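A short write-up of the structure that comes next.
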Amino acid sequence: MAAILIDGKAIAADIQEHLATEAARLRGAGVIPHLSVVLVGDDPASHTYVRSKVRTAARLGIDSRDYVLPASSPEAEVVALVRRLSEDPGVHGILVQSPLPAPLRFRTVLDALDPRKDVDGLHLYNMGALMAGGTAMPPCTPAGILELLRRSGTDLRGKEAVVVGRSDLVGKPVAFLLLHEHATVTVCHSRTRDLPAVCRRADVLVVAAGRAGMVTGEFIKPGAVVIDVGINRVEGRLVGDVDFGSAASVAGAITPVPGGVGPMTITMLMKNTLTAAGAAW
Ligand code: NAD
């Protein structure tokens with residue numbers, strides 16, 4: 001392996017130490033940072049994610065409360081809860097765990113959220129603000145990716161950045177963040193022609209397609225920085241969208257899965273919660 005490993009776990013731990021200090025400062029000033037989590041239904045993965053968010057919050061000095069509603073809850077009830085939490089001055093951050101069970105509409109529920117408490121950065125106001133040049137509440141995974149790039153010393157100015165995937169959650173927002181850092185950005189998707197050739201142009205390649213091992217060493221320009229966002233379960237193991245073995249022999253730096261982008265996502269959620277509580281960075 002030639003590539004340097006970008007250790008998301010270590011970087012996340014370092015940032016979390018700083019976040020805990022800021023949480024303690026807020027508490028000392030009489031502000032108890034609080035995150036409310038709304039979870040509808042009994043999707044086991046969602047329950048695992050929420051448990052981990054609540055645990056991390058507690059470790060950093062952020063109070064949290066989870067509201068678990070049955071899958072059969074009427075949309076109006078979920079909307080009313082989100083509205084009530086939005087109006088509660090003791091609640092700084094609100095997270096609606098996705099996916100919501102059908103027929104609940106995620107966008108309708110999010111519309112009820114006060115954008116200032118939208119710690120996932122998914123309210124239309126924050127998505128628009130992100131496009132326009134900046135938001136206090138960037139979506140967590142894209143913000144975590146930028147932090148990984150920053151901390152691994154990747155200068156993005158004038159670089160060719162290629163993003164594989166155009167979801168509202170990852171691909172599109174990360175493309176805007178890279179653009180704001182003055183990279184030349186190309187966004188690829190399932191209909192892109194000759195994906196390997198486009199990816200080989202990249203100085204920085206961000207892969208968020210949800211296809212296990214899709215990007216191999218042949219897609220990578222020698223020395224490129226590769227960020228693997230994918231989380232796929234294959235035969236009981238977690239693997240990324242990048243075939244780590246072949247990619248690491250060509251790339252200059254690469255994130256592992258697990259231990260790359262994943263720990264950064266939850267860290268940025270905590271950071272957004274503290275921002276909403278009035279943290280001074
Ligand atoms: P998504 O399914 O919403 O979007 C996938 C995107 O990839 C689409 O835009 C699609 O056009 C594109 N795509 C699919 N197949 C392709 C192909 N063969 N060639 C080119 N493009 C292709 O997924 P998402 O929510 O953006 O998530 C992507 C991956 O990232 C998933 O594996 C998900 O689990 C993971 N993820 C990880 C984190 C984390 O914290 N590490 C957070 C969010 C998502």
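As shown in the structure tokens, the chain order sets the letters A, B, ...; within each chain, residues go from 1, and ligands are also counted from 1 in the order they appear.
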
Members of segment 9-246 of chain A assigned strand (DSSP E) by DSSP, as a ChimeraX atom specification = /A:34-40,63-69,93-96,160-164,184-188,204-207,225-228,232-234,237-239

Once you count only C-alpha atoms and all ligand atoms, which residues end up within 8 Å of ligand 1, and could you hand them over as a PyMOL selection string?
-> chain A and resi 140-141+164-171+188-192+195+207-212+214+228-232+240-241+260-266

Would you kindly return, as a PyMOL selection string, each protein, DNA or RNA residue with an atom no farther than 12 Å from any atom of Arg65 of chain A, considering only C-alpha atoms and excluding same-chain residues fewer than 5 positions away?
-> chain A and resi 33-39+50-51+53-55+57-58+85+90-95

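Minimum atom-to-atom distances from A:Leu69, A:Ala136, A:Leu122, A:Leu26 to Ala276 of chain A were compared using only C-alpha atoms, and the lowest value belongs to A:Ala136.
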
Mind checking which residues fall within 12 Å of Phe176 of chain A, counting only C-alpha atoms, ignoring those fewer than 2 positions away in the same chain, and posting them as number ranges by chain?
-> A: 127-135, 138-139, 142-143, 146, 161-163, 166, 168, 170-174, 178-187

Could you tell me which of A:Ala24, A:Ile15, A:Ala80, A:Val198 comes closest to Gly61 of chain A if we count only C-alpha atoms?
-> A:Ala24

For Leu19 of chain A, which residue out of A:Arg59, A:Arg201, A:Arg107, A:His47 is the nearest one, using only C-alpha atoms?
-> A:Arg59

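If only C-alpha atoms are the atoms counted, then among A:Glu87, A:Asp7, A:Asp14, A:Asp63 the closest residue to Pro256 of chain A is A:Asp7.
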
What is the atom CA of Val257 of chain A-atom CA of Ala10 of chain A distance in Å, reported with one decimal?
-> 13.5 Å
